[in-house]
Amino acid sequence: MFDFRIIVCADGTEIIDRNLKTPFDSLTVDQMIEYTETDSQLAFMDRMEREAREEAERRRRSARNPLYKIACMCGLI
C-alpha cells in the first residue's frame, strides 16, 4: 500500500495527496510504475528535508554555545 494518492485534475494537473492511501491491487501496471517512481522521489525529498532540518538545528545549537562565540571572537572560526 502506498502512503499517498495521485489525483488527476480536469486540466491534467496531478496532485499528490499524502493523506490518502492507495492499495496495490487498485493500480494498473502503468500506474504501479508511476507510483513506484513517485514513491522513491518522495522518499528522497523527505530525506533532503530531514537533513536540512537537522543541519539548521545543529547550527542553531552551535551558535548559542558560549565556547563557539568565544572561538569566533578570537578568530579561530
# chains A, B, ... in the order shown; residues from 1 in each chain; ligands from 1
>>> select_by_dssp(residues="chain A", states="helix (DSSP H, G or I)", output="compact mmCIF listing (two decimals) with all heavy atoms, in the first residue's frame")
# COMPACT_ATOMS: atom_id res chain seq x y z
N PHE A 24 -2.27 -1.57 -3.60
CA PHE A 24 -1.59 -2.07 -4.79
C PHE A 24 -2.57 -2.66 -5.80
O PHE A 24 -2.40 -2.48 -7.01
CB PHE A 24 -0.57 -3.14 -4.43
CG PHE A 24 0.57 -2.64 -3.59
CD1 PHE A 24 0.98 -3.34 -2.47
CD2 PHE A 24 1.25 -1.48 -3.92
CE1 PHE A 24 2.05 -2.90 -1.70
CE2 PHE A 24 2.32 -1.02 -3.16
CZ PHE A 24 2.70 -1.74 -2.04
N ASP A 25 -3.58 -3.35 -5.32
CA ASP A 25 -4.48 -4.05 -6.24
C ASP A 25 -5.41 -3.11 -7.02
O ASP A 25 -6.08 -3.55 -7.95
CB ASP A 25 -5.30 -5.10 -5.50
CG ASP A 25 -6.10 -4.52 -4.35
OD1 ASP A 25 -5.93 -3.33 -4.04
OD2 ASP A 25 -6.91 -5.27 -3.77
N SER A 26 -5.44 -1.84 -6.66
CA SER A 26 -6.29 -0.89 -7.39
C SER A 26 -5.57 -0.22 -8.55
O SER A 26 -6.16 0.58 -9.26
CB SER A 26 -6.83 0.18 -6.44
OG SER A 26 -5.78 1.02 -6.02
N VAL A 29 -0.67 -1.73 -14.30
CA VAL A 29 0.79 -1.88 -14.38
C VAL A 29 1.46 -0.53 -14.61
O VAL A 29 2.47 -0.20 -13.96
CB VAL A 29 1.16 -2.88 -15.50
CG1 VAL A 29 2.67 -2.95 -15.66
CG2 VAL A 29 0.59 -4.24 -15.20
N ASP A 30 0.91 0.27 -15.52
CA ASP A 30 1.49 1.59 -15.79
C ASP A 30 1.40 2.50 -14.57
O ASP A 30 2.34 3.23 -14.25
CB ASP A 30 0.78 2.26 -16.98
CG ASP A 30 1.03 1.53 -18.29
OD1 ASP A 30 2.09 0.86 -18.39
OD2 ASP A 30 0.20 1.63 -19.20
N GLN A 31 0.27 2.46 -13.88
CA GLN A 31 0.12 3.27 -12.67
C GLN A 31 1.08 2.80 -11.59
O GLN A 31 1.63 3.61 -10.84
CB GLN A 31 -1.32 3.20 -12.16
CG GLN A 31 -2.31 3.94 -13.01
CD GLN A 31 -3.73 3.74 -12.52
OE1 GLN A 31 -4.07 2.69 -11.96
NE2 GLN A 31 -4.57 4.75 -12.72
N MET A 32 1.29 1.49 -11.48
CA MET A 32 2.21 0.95 -10.47
C MET A 32 3.62 1.47 -10.71
O MET A 32 4.33 1.83 -9.77
CB MET A 32 2.19 -0.58 -10.51
CG MET A 32 3.08 -1.21 -9.48
SD MET A 32 2.55 -0.90 -7.80
CE MET A 32 1.49 -2.28 -7.55
N ILE A 33 4.04 1.53 -11.96
CA ILE A 33 5.37 2.07 -12.29
C ILE A 33 5.45 3.54 -11.89
O ILE A 33 6.42 3.98 -11.27
CB ILE A 33 5.68 1.88 -13.79
CG1 ILE A 33 5.82 0.40 -14.11
CG2 ILE A 33 6.92 2.65 -14.19
CD1 ILE A 33 5.87 0.09 -15.58
N GLU A 34 4.41 4.30 -12.22
CA GLU A 34 4.40 5.72 -11.88
C GLU A 34 4.40 5.92 -10.35
O GLU A 34 5.13 6.77 -9.83
CB GLU A 34 3.16 6.39 -12.48
CG GLU A 34 3.08 7.87 -12.21
CD GLU A 34 1.84 8.52 -12.82
OE1 GLU A 34 1.04 7.82 -13.48
OE2 GLU A 34 1.70 9.73 -12.63
N TYR A 35 3.61 5.12 -9.64
CA TYR A 35 3.56 5.23 -8.19
C TYR A 35 4.90 4.84 -7.55
O TYR A 35 5.34 5.46 -6.58
CB TYR A 35 2.44 4.36 -7.62
CG TYR A 35 1.12 5.09 -7.50
CD1 TYR A 35 0.34 5.35 -8.62
CD2 TYR A 35 0.65 5.51 -6.26
CE1 TYR A 35 -0.86 6.02 -8.52
CE2 TYR A 35 -0.56 6.16 -6.15
CZ TYR A 35 -1.31 6.42 -7.27
OH TYR A 35 -2.51 7.09 -7.16
N THR A 36 5.57 3.83 -8.10
CA THR A 36 6.86 3.41 -7.56
C THR A 36 7.90 4.51 -7.75
O THR A 36 8.67 4.81 -6.82
CB THR A 36 7.32 2.12 -8.27
OG1 THR A 36 6.30 1.13 -8.11
CG2 THR A 36 8.61 1.61 -7.68
N GLU A 37 7.93 5.13 -8.92
CA GLU A 37 8.87 6.23 -9.17
C GLU A 37 8.55 7.42 -8.27
O GLU A 37 9.46 8.03 -7.69
CB GLU A 37 8.80 6.65 -10.63
CG GLU A 37 9.37 5.64 -11.59
CD GLU A 37 9.16 6.01 -13.04
OE1 GLU A 37 8.56 7.08 -13.31
OE2 GLU A 37 9.60 5.24 -13.90
N THR A 38 7.28 7.73 -8.11
CA THR A 38 6.88 8.84 -7.26
C THR A 38 7.23 8.56 -5.81
O THR A 38 7.69 9.45 -5.08
CB THR A 38 5.37 9.11 -7.39
OG1 THR A 38 5.07 9.35 -8.77
CG2 THR A 38 4.95 10.31 -6.58
N ASP A 39 7.06 7.31 -5.38
CA ASP A 39 7.39 6.93 -4.01
C ASP A 39 8.88 7.13 -3.73
O ASP A 39 9.25 7.66 -2.68
CB ASP A 39 6.98 5.48 -3.75
CG ASP A 39 7.10 5.08 -2.30
OD1 ASP A 39 6.74 5.90 -1.42
OD2 ASP A 39 7.53 3.95 -2.04
N SER A 40 9.73 6.74 -4.66
CA SER A 40 11.17 6.92 -4.46
C SER A 40 11.55 8.40 -4.47
O SER A 40 12.40 8.84 -3.69
CB SER A 40 11.97 6.16 -5.52
OG SER A 40 11.73 6.69 -6.79
N GLN A 41 10.89 9.21 -5.31
CA GLN A 41 11.16 10.65 -5.32
C GLN A 41 10.71 11.31 -4.02
O GLN A 41 11.40 12.18 -3.49
CB GLN A 41 10.47 11.30 -6.51
CG GLN A 41 11.07 10.93 -7.84
CD GLN A 41 10.28 11.49 -9.01
OE1 GLN A 41 9.24 12.10 -8.84
NE2 GLN A 41 10.78 11.24 -10.22
N LEU A 42 9.55 10.90 -3.51
CA LEU A 42 9.07 11.45 -2.24
C LEU A 42 10.00 11.07 -1.09
O LEU A 42 10.26 11.88 -0.20
CB LEU A 42 7.64 10.98 -1.96
CG LEU A 42 6.56 11.60 -2.82
CD1 LEU A 42 5.23 10.91 -2.55
CD2 LEU A 42 6.44 13.08 -2.58
N ALA A 43 10.50 9.83 -1.10
CA ALA A 43 11.43 9.40 -0.05
C ALA A 43 12.70 10.23 -0.11
O ALA A 43 13.23 10.65 0.94
CB ALA A 43 11.74 7.92 -0.21
N PHE A 44 13.19 10.50 -1.31
CA PHE A 44 14.40 11.32 -1.46
C PHE A 44 14.15 12.75 -0.97
O PHE A 44 14.97 13.32 -0.25
CB PHE A 44 14.84 11.34 -2.93
CG PHE A 44 16.06 12.17 -3.18
CD1 PHE A 44 17.31 11.72 -2.81
CD2 PHE A 44 15.95 13.41 -3.78
CE1 PHE A 44 18.44 12.48 -3.04
CE2 PHE A 44 17.07 14.19 -4.00
CZ PHE A 44 18.32 13.72 -3.63
N MET A 45 13.00 13.31 -1.32
CA MET A 45 12.67 14.67 -0.88
C MET A 45 12.51 14.73 0.63
O MET A 45 12.95 15.71 1.27
CB MET A 45 11.39 15.15 -1.57
CG MET A 45 11.58 15.42 -3.04
SD MET A 45 10.08 15.73 -3.99
CE MET A 45 9.06 16.67 -2.92
N ASP A 46 11.92 13.71 1.23
CA ASP A 46 11.77 13.67 2.68
C ASP A 46 13.14 13.62 3.36
O ASP A 46 13.37 14.28 4.37
CB ASP A 46 10.94 12.46 3.11
CG ASP A 46 9.48 12.59 2.74
OD1 ASP A 46 9.03 13.73 2.46
OD2 ASP A 46 8.78 11.55 2.74
N ARG A 47 14.06 12.81 2.80
CA ARG A 47 15.39 12.71 3.37
C ARG A 47 16.13 14.03 3.27
O ARG A 47 16.79 14.47 4.23
CB ARG A 47 16.18 11.61 2.66
CG ARG A 47 17.51 11.32 3.38
CD ARG A 47 18.27 10.22 2.70
NE ARG A 47 18.97 10.83 1.57
CZ ARG A 47 19.20 10.24 0.42
NH1 ARG A 47 18.77 9.03 0.20
NH2 ARG A 47 19.85 10.87 -0.54
N MET A 48 16.03 14.72 2.13
CA MET A 48 16.68 16.02 1.96
C MET A 48 16.11 17.03 2.96
O MET A 48 16.87 17.82 3.55
CB MET A 48 16.50 16.52 0.53
CG MET A 48 17.18 15.68 -0.52
SD MET A 48 18.95 15.84 -0.46
CE MET A 48 19.13 17.47 -1.12
N GLU A 49 14.81 17.03 3.14
CA GLU A 49 14.18 17.96 4.08
C GLU A 49 14.63 17.67 5.51
O GLU A 49 14.93 18.58 6.28
CB GLU A 49 12.67 17.84 3.96
CG GLU A 49 11.91 18.79 4.85
CD GLU A 49 10.41 18.63 4.70
OE1 GLU A 49 9.95 18.15 3.65
OE2 GLU A 49 9.70 19.00 5.66
N ARG A 50 14.70 16.38 5.87
CA ARG A 50 15.13 16.00 7.22
C ARG A 50 16.57 16.42 7.46
O ARG A 50 16.91 16.96 8.52
CB ARG A 50 14.96 14.49 7.41
CG ARG A 50 15.29 14.03 8.83
CD ARG A 50 15.16 12.53 8.99
NE ARG A 50 16.21 11.85 8.24
CZ ARG A 50 16.04 11.03 7.22
NH1 ARG A 50 14.83 10.76 6.80
NH2 ARG A 50 17.04 10.47 6.61
N GLU A 51 17.45 16.20 6.48
CA GLU A 51 18.85 16.59 6.62
C GLU A 51 19.00 18.10 6.75
O GLU A 51 19.81 18.58 7.55
CB GLU A 51 19.67 16.07 5.44
CG GLU A 51 19.88 14.57 5.45
CD GLU A 51 20.56 14.06 4.20
OE1 GLU A 51 20.83 14.86 3.28
OE2 GLU A 51 20.81 12.84 4.13
N ALA A 52 18.23 18.86 6.00
CA ALA A 52 18.28 20.32 6.11
C ALA A 52 17.80 20.78 7.47
O ALA A 52 18.39 21.69 8.07
CB ALA A 52 17.44 20.95 5.01
N ARG A 53 16.75 20.14 7.97
CA ARG A 53 16.23 20.49 9.29
C ARG A 53 17.25 20.17 10.39
O ARG A 53 17.47 20.96 11.31
CB ARG A 53 14.92 19.72 9.53
CG ARG A 53 14.00 20.34 10.50
CD ARG A 53 12.63 19.68 10.58
NE ARG A 53 12.62 18.23 10.41
CZ ARG A 53 12.05 17.60 9.41
NH1 ARG A 53 11.43 18.26 8.46
NH2 ARG A 53 12.07 16.28 9.34
N GLU A 54 17.92 19.00 10.28
CA GLU A 54 18.94 18.63 11.25
C GLU A 54 20.14 19.57 11.20
O GLU A 54 20.70 19.93 12.24
CB GLU A 54 19.38 17.18 11.02
CG GLU A 54 18.34 16.16 11.40
CD GLU A 54 18.70 14.76 10.96
OE1 GLU A 54 19.74 14.58 10.28
OE2 GLU A 54 17.94 13.83 11.28
N GLU A 55 20.54 19.98 10.00
CA GLU A 55 21.66 20.91 9.85
C GLU A 55 21.31 22.27 10.45
O GLU A 55 22.14 22.89 11.13
CB GLU A 55 22.03 21.06 8.38
CG GLU A 55 23.14 22.05 8.10
CD GLU A 55 24.49 21.62 8.65
OE1 GLU A 55 24.68 20.43 8.94
OE2 GLU A 55 25.35 22.51 8.82
N ALA A 56 20.10 22.75 10.24
CA ALA A 56 19.67 24.02 10.82
C ALA A 56 19.65 23.93 12.35
O ALA A 56 20.07 24.88 13.04
CB ALA A 56 18.30 24.41 10.30
N GLU A 57 19.21 22.81 12.86
CA GLU A 57 19.19 22.62 14.32
C GLU A 57 20.62 22.58 14.88
O GLU A 57 20.91 23.16 15.92
CB GLU A 57 18.45 21.33 14.67
CG GLU A 57 18.42 21.00 16.14
CD GLU A 57 17.64 21.98 16.98
OE1 GLU A 57 16.81 22.72 16.42
OE2 GLU A 57 17.87 22.04 18.20
N ARG A 58 21.53 21.92 14.17
CA ARG A 58 22.92 21.85 14.61
C ARG A 58 23.55 23.25 14.62
O ARG A 58 24.24 23.63 15.56
CB ARG A 58 23.73 20.93 13.69
CG ARG A 58 25.16 20.70 14.18
CD ARG A 58 26.00 19.99 13.15
NE ARG A 58 26.17 20.76 11.93
CZ ARG A 58 27.00 21.81 11.79
NH1 ARG A 58 27.70 22.22 12.82
NH2 ARG A 58 27.10 22.44 10.64
N ARG A 59 23.29 24.03 13.57
CA ARG A 59 23.83 25.39 13.52
C ARG A 59 23.24 26.27 14.62
O ARG A 59 23.94 27.09 15.21
CB ARG A 59 23.54 26.01 12.16
CG ARG A 59 24.41 25.47 11.07
CD ARG A 59 24.15 26.19 9.79
NE ARG A 59 24.93 25.59 8.72
CZ ARG A 59 25.02 26.08 7.52
NH1 ARG A 59 24.37 27.19 7.21
NH2 ARG A 59 25.74 25.47 6.61
N ARG A 60 21.94 26.09 14.88
CA ARG A 60 21.30 26.88 15.93
C ARG A 60 21.92 26.57 17.29
O ARG A 60 22.21 27.46 18.08
CB ARG A 60 19.79 26.60 15.96
CG ARG A 60 19.03 27.48 16.94
CD ARG A 60 17.58 27.04 17.08
NE ARG A 60 17.45 25.72 17.65
CZ ARG A 60 17.54 25.42 18.95
NH1 ARG A 60 17.80 26.37 19.81
NH2 ARG A 60 17.39 24.19 19.38
N ARG A 61 22.14 25.26 17.54
CA ARG A 61 22.73 24.88 18.83
C ARG A 61 24.17 25.38 18.97
O ARG A 61 24.57 25.85 20.03
CB ARG A 61 22.70 23.36 18.99
CG ARG A 61 21.39 22.88 19.58
CD ARG A 61 21.45 21.41 19.92
NE ARG A 61 20.98 20.67 18.76
CZ ARG A 61 21.62 19.68 18.18
NH1 ARG A 61 22.77 19.27 18.64
NH2 ARG A 61 21.13 19.09 17.12
N SER A 62 24.96 25.29 17.89
CA SER A 62 26.35 25.73 17.98
C SER A 62 26.44 27.25 18.09
O SER A 62 27.35 27.78 18.73
CB SER A 62 27.16 25.23 16.79
OG SER A 62 26.72 25.82 15.60
N ALA A 63 25.51 27.99 17.48
CA ALA A 63 25.54 29.45 17.57
C ALA A 63 25.22 29.92 18.98
O ALA A 63 25.68 30.98 19.40
CB ALA A 63 24.55 30.05 16.58
N ARG A 64 24.44 29.15 19.72
CA ARG A 64 24.10 29.53 21.10
C ARG A 64 25.15 29.08 22.09
O ARG A 64 25.13 29.51 23.25
CB ARG A 64 22.76 28.89 21.48
CG ARG A 64 21.60 29.52 20.73
CD ARG A 64 20.28 28.94 21.11
NE ARG A 64 20.11 28.78 22.54
CZ ARG A 64 19.29 27.92 23.11
NH1 ARG A 64 18.55 27.14 22.36
NH2 ARG A 64 19.19 27.84 24.42
N PRO A 66 28.37 29.11 24.17
CA PRO A 66 29.31 30.18 24.55
C PRO A 66 30.75 29.91 24.07
O PRO A 66 31.46 30.84 23.71
CB PRO A 66 29.27 30.21 26.07
CG PRO A 66 28.21 29.27 26.49
CD PRO A 66 27.73 28.51 25.33
N LEU A 67 31.17 28.66 24.04
CA LEU A 67 32.53 28.36 23.56
C LEU A 67 32.65 28.67 22.06
O LEU A 67 33.69 29.14 21.60
CB LEU A 67 32.87 26.89 23.82
CG LEU A 67 32.95 26.49 25.29
CD1 LEU A 67 33.19 24.99 25.40
CD2 LEU A 67 34.05 27.26 26.00
N TYR A 68 31.59 28.44 21.31
CA TYR A 68 31.59 28.76 19.88
C TYR A 68 31.70 30.28 19.69
O TYR A 68 32.44 30.75 18.83
CB TYR A 68 30.31 28.22 19.23
CG TYR A 68 30.20 28.50 17.76
CD1 TYR A 68 30.88 27.72 16.83
CD2 TYR A 68 29.42 29.55 17.29
CE1 TYR A 68 30.79 27.98 15.48
CE2 TYR A 68 29.31 29.81 15.93
CZ TYR A 68 30.01 29.03 15.04
OH TYR A 68 29.91 29.29 13.70
N LYS A 69 30.98 31.05 20.51
CA LYS A 69 31.03 32.50 20.42
C LYS A 69 32.43 33.02 20.75
O LYS A 69 32.95 33.93 20.08
CB LYS A 69 30.01 33.13 21.35
CG LYS A 69 28.57 32.92 20.89
CD LYS A 69 27.60 33.57 21.85
CE LYS A 69 26.17 33.33 21.41
NZ LYS A 69 25.19 33.93 22.32
N ILE A 70 33.07 32.46 21.76
CA ILE A 70 34.43 32.88 22.14
C ILE A 70 35.40 32.54 21.01
O ILE A 70 36.28 33.34 20.67
CB ILE A 70 34.84 32.21 23.46
CG1 ILE A 70 33.99 32.76 24.62
CG2 ILE A 70 36.32 32.41 23.74
CD1 ILE A 70 34.18 32.04 25.92
N ALA A 71 35.25 31.37 20.41
CA ALA A 71 36.14 30.97 19.31
C ALA A 71 35.98 31.91 18.12
O ALA A 71 36.95 32.25 17.44
CB ALA A 71 35.85 29.53 18.90
N CYS A 72 34.75 32.36 17.87
CA CYS A 72 34.51 33.31 16.77
C CYS A 72 35.16 34.65 17.07
O CYS A 72 35.76 35.28 16.19
CB CYS A 72 33.02 33.48 16.53
SG CYS A 72 32.23 32.07 15.76
N MET A 73 35.05 35.10 18.32
CA MET A 73 35.66 36.39 18.70
C MET A 73 37.17 36.34 18.60
O MET A 73 37.81 37.33 18.26
CB MET A 73 35.23 36.78 20.10
CG MET A 73 33.82 37.32 20.18
SD MET A 73 33.44 38.02 21.78
CE MET A 73 32.73 36.61 22.59
N CYS A 74 37.76 35.20 18.90
CA CYS A 74 39.22 35.06 18.85
C CYS A 74 39.71 34.83 17.42
O CYS A 74 40.92 34.81 17.19
CB CYS A 74 39.67 33.91 19.73
SG CYS A 74 39.38 34.21 21.49
>>> atom_distance(atom1="atom CA of Phe2 of chain A", atom2="atom CA of Ile16 of chain A")
11.4 Å
>>> decode(residues="segment 50-61 of chain A", atoms="N, CA, C and O atoms", output="mmCIF file, in the first residue's frame")
data_model
loop_
_atom_site.group_PDB
_atom_site.id
_atom_site.type_symbol
_atom_site.label_atom_id
_atom_site.label_comp_id
_atom_site.auth_asym_id
_atom_site.auth_seq_id
_atom_site.Cartn_x
_atom_site.Cartn_y
_atom_site.Cartn_z
ATOM 1 N N ARG A 50 14.696 16.377 5.872
ATOM 2 C CA ARG A 50 15.131 15.996 7.220
ATOM 3 C C ARG A 50 16.573 16.415 7.462
ATOM 4 O O ARG A 50 16.912 16.964 8.522
ATOM 5 N N GLU A 51 17.449 16.196 6.480
ATOM 6 C CA GLU A 51 18.854 16.588 6.621
ATOM 7 C C GLU A 51 18.999 18.096 6.752
ATOM 8 O O GLU A 51 19.814 18.577 7.551
ATOM 9 N N ALA A 52 18.227 18.856 6.002
ATOM 10 C CA ALA A 52 18.281 20.319 6.106
ATOM 11 C C ALA A 52 17.803 20.779 7.474
ATOM 12 O O ALA A 52 18.391 21.693 8.070
ATOM 13 N N ARG A 53 16.751 20.144 7.967
ATOM 14 C CA ARG A 53 16.229 20.492 9.293
ATOM 15 C C ARG A 53 17.249 20.170 10.386
ATOM 16 O O ARG A 53 17.472 20.963 11.306
ATOM 17 N N GLU A 54 17.921 19.004 10.275
ATOM 18 C CA GLU A 54 18.942 18.626 11.254
ATOM 19 C C GLU A 54 20.140 19.573 11.195
ATOM 20 O O GLU A 54 20.703 19.928 12.235
ATOM 21 N N GLU A 55 20.538 19.977 9.995
ATOM 22 C CA GLU A 55 21.661 20.911 9.850
ATOM 23 C C GLU A 55 21.312 22.275 10.452
ATOM 24 O O GLU A 55 22.140 22.891 11.129
ATOM 25 N N ALA A 56 20.097 22.745 10.241
ATOM 26 C CA ALA A 56 19.673 24.020 10.821
ATOM 27 C C ALA A 56 19.654 23.931 12.350
ATOM 28 O O ALA A 56 20.073 24.880 13.038
ATOM 29 N N GLU A 57 19.208 22.808 12.863
ATOM 30 C CA GLU A 57 19.194 22.619 14.325
ATOM 31 C C GLU A 57 20.618 22.576 14.875
ATOM 32 O O GLU A 57 20.910 23.159 15.922
ATOM 33 N N ARG A 58 21.529 21.915 14.166
ATOM 34 C CA ARG A 58 22.919 21.851 14.611
ATOM 35 C C ARG A 58 23.548 23.247 14.619
ATOM 36 O O ARG A 58 24.237 23.633 15.560
ATOM 37 N N ARG A 59 23.287 24.026 13.567
ATOM 38 C CA ARG A 59 23.829 25.391 13.516
ATOM 39 C C ARG A 59 23.239 26.269 14.615
ATOM 40 O O ARG A 59 23.937 27.088 15.208
ATOM 41 N N ARG A 60 21.941 26.088 14.884
ATOM 42 C CA ARG A 60 21.298 26.880 15.931
ATOM 43 C C ARG A 60 21.916 26.567 17.287
ATOM 44 O O ARG A 60 22.212 27.460 18.075
ATOM 45 N N ARG A 61 22.145 25.264 17.545
ATOM 46 C CA ARG A 61 22.732 24.883 18.835
ATOM 47 C C ARG A 61 24.166 25.379 18.965
ATOM 48 O O ARG A 61 24.567 25.849 20.033
#
